[in-house]
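J.: Pasting in a structure now, in structure tokens, and then I'll have a few things to ask.
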Amino acid sequence: MVKDFKAFLLRGNVVDLAVAVVIGAAFGALITALVRDLLTPIITLIVGKPDFSNLSFTANSSHFRYGDFINYLISFISIAAAVFFFVVQPVNALMRRRKTQPDVESETRPCTECLSEIPRQARRCAFCTSPQEPEPAT
């Protein structure tokens, strides 16, 4: 039983998952700090109020605290924007720059009738049997 447990722990998927959780937690802390320490002060400069949690209204003796929702919404949008502009865009640019090989053209194409994938040179679809114009060889 101990041998099986050791094999389970040392299997690649478990180690990869553990590393991903640790890196994800560290990355989450980094993004939270970026939003809290850099983006929130910018919002405060623009709006003039960093905390909306005191905003509320009462209707028919029900108290609605919508300010907290606004805080979480601003936080979510700020974090999403930070991830997009500081992580996704730079990684995409880096991947475009690293790409050195041309894309390989697919050997299939969609059928004009049923949109199933068929070989480029096919004269008839194997799925719906509709006639197809073969594409010229390149």
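Residues in the structure tokens are numbered from 1 in each chain, the chains being A, B, ... in the order shown, and ligands are numbered from 1 in the order shown.
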Would you mind writing down, as a PyMOL selection string, each residue of chain A that DSSP on the backbone assigns to helix (DSSP H, G or I)?
T.: chain A and resi 2-10+12-47+66-98
J.: Can you tell me, as a list in words, what residues are no more than 7 Å from Asn71 (chain A) when counting only C-alpha atoms, ignoring any on the same chain fewer than 6 positions away?
T.: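 The contact residues come out as Asp51, Phe52 and Ser53 of chain A.
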J.: Could you dump the residues just selected with N, CA, C and O atoms as a PDB file, in the first residue's frame?
T.:
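Once everything was written out, this is part21.pdb:
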ATOM      1  N   ASP A  51     -13.687  53.301  -1.609  1.00  0.00           N
ATOM      2  CA  ASP A  51     -14.515  52.281  -0.977  1.00  0.00           C
ATOM      3  C   ASP A  51     -15.979  52.656  -1.113  1.00  0.00           C
ATOM      4  O   ASP A  51     -16.404  53.723  -0.685  1.00  0.00           O
ATOM      5  N   PHE A  52     -16.756  51.770  -1.719  1.00  0.00           N
ATOM      6  CA  PHE A  52     -18.175  52.020  -1.939  1.00  0.00           C
ATOM      7  C   PHE A  52     -19.065  51.186  -1.021  1.00  0.00           C
ATOM      8  O   PHE A  52     -20.271  51.155  -1.182  1.00  0.00           O
ATOM      9  N   SER A  53     -18.473  50.494  -0.042  1.00  0.00           N
ATOM     10  CA  SER A  53     -19.236  49.542   0.773  1.00  0.00           C
ATOM     11  C   SER A  53     -20.333  50.201   1.613  1.00  0.00           C
ATOM     12  O   SER A  53     -21.255  49.523   2.041  1.00  0.00           O
TER      13      SER A  53
END
J.: Compare A:Val35, A:Cys114, A:Leu73, A:Ala81 by their minimum atom-to-atom distance to Thr129 (chain A), counting only C-alpha atoms, and give me the closest one.
T.: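 The answer is A:Cys114, which sits nearest to Thr129 (chain A).
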J.: Would you mind writing down, as number ranges by chain, each residue of region 2-86 of chain A that DSSP on the backbone assigns to strand (DSSP E)?
T.: A: 57-59, 62-64
J.: Produce a file of the selected residues containing N, CA and C atoms, as a tab-separated table (two decimals), in the first residue's frame.
T.:
chain	number	residue	atom	x	y	z
A	57	PHE	N	-29.49	51.46	0.11
A	57	PHE	CA	-30.80	52.11	0.15
A	57	PHE	C	-31.79	51.16	0.80
A	58	THR	N	-32.90	51.73	1.26
A	58	THR	CA	-33.93	50.93	1.93
A	58	THR	C	-35.24	51.08	1.17
A	59	ALA	N	-35.90	49.94	0.95
A	59	ALA	CA	-37.20	49.95	0.28
A	59	ALA	C	-38.07	48.92	0.98
A	62	SER	N	-36.56	46.76	3.60
A	62	SER	CA	-35.47	45.88	3.16
A	62	SER	C	-34.26	46.76	2.86
A	63	HIS	N	-33.13	46.39	3.42
A	63	HIS	CA	-31.91	47.18	3.27
A	63	HIS	C	-31.03	46.56	2.19
A	64	PHE	N	-30.79	47.31	1.12
A	64	PHE	CA	-29.97	46.85	0.00
A	64	PHE	C	-28.60	47.51	0.07
J.: To one decimal in Å, tell me the separation between CA of Leu34 (chain A) and CA of Ser75 (chain A).
T.: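 About the pair CA of Leu34 (chain A) and CA of Ser75 (chain A): they are 11.0 Å apart.
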J.: Would you list the contacts of Ala82 (chain A) as a PyMOL selection string, taking every protein, DNA or RNA residue within 10 Å and counting only C-alpha atoms, but skipping same-chain residues closer than 6 positions in sequence?
T.: chain A and resi 31-32+34-35+39+76+88
J.: Can those selected residues be exported to a file as a short mmCIF file (atom, residue, chain, number, x, y, z; two decimals), in the first residue's frame so that it contains C-alpha atoms?
T.:
data_model
loop_
_atom_site.label_atom_id
_atom_site.label_comp_id
_atom_site.auth_asym_id
_atom_site.auth_seq_id
_atom_site.Cartn_x
_atom_site.Cartn_y
_atom_site.Cartn_z
CA ILE A 31 -2.25 40.23 -9.32
CA THR A 32 -4.10 41.14 -6.10
CA LEU A 34 -1.06 44.96 -8.47
CA VAL A 35 -4.75 45.82 -8.31
CA LEU A 39 -4.82 50.22 -9.95
CA PHE A 76 -13.06 41.83 -10.76
CA VAL A 88 -2.16 37.55 -21.88
#
J.: Counting only C-alpha atoms, which of A:Leu38, A:Leu17, A:Cys125, A:Met95 gets nearest to Arg109 (chain A)?
T.: A:Cys125
J.: Could you tell me how far CA of Leu30 (chain A) sits from CA of Arg65 (chain A), in Å to one decimal place?
T.: 29.2 Å
J.: Smallest atom-to-atom distance to Glu113 (chain A): which of A:Val15, A:Met1, A:Cys128, A:Ala80, using only C-alpha atoms?
T.: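 Checking each of A:Val15, A:Met1, A:Cys128, A:Ala80 against Glu113 (chain A), counting only C-alpha atoms, the winner is A:Cys128.
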J.: Interatomic distance between CA of Ala126 (chain A) and CA of Pro110 (chain A)?
T.: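 One can read the CA of Ala126 (chain A) to CA of Pro110 (chain A) distance as 11.6 Å.
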J.: Find the residue from A:Gln121, A:Thr40, A:Gln132, A:Thr108 that sits nearest to Ser78 (chain A); use only C-alpha atoms when measuring.
T.: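 Checking each candidate against Ser78 (chain A), we get A:Thr40 as the closest.
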J.: From the set A:Val83, A:Val19, A:Asn54, A:Thr44, which residue has the shortest atom-to-atom contact distance to Phe69 (chain A), counting only C-alpha atoms?
T.: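 Using only C-alpha atoms, Phe69 (chain A) sits closest to A:Asn54.
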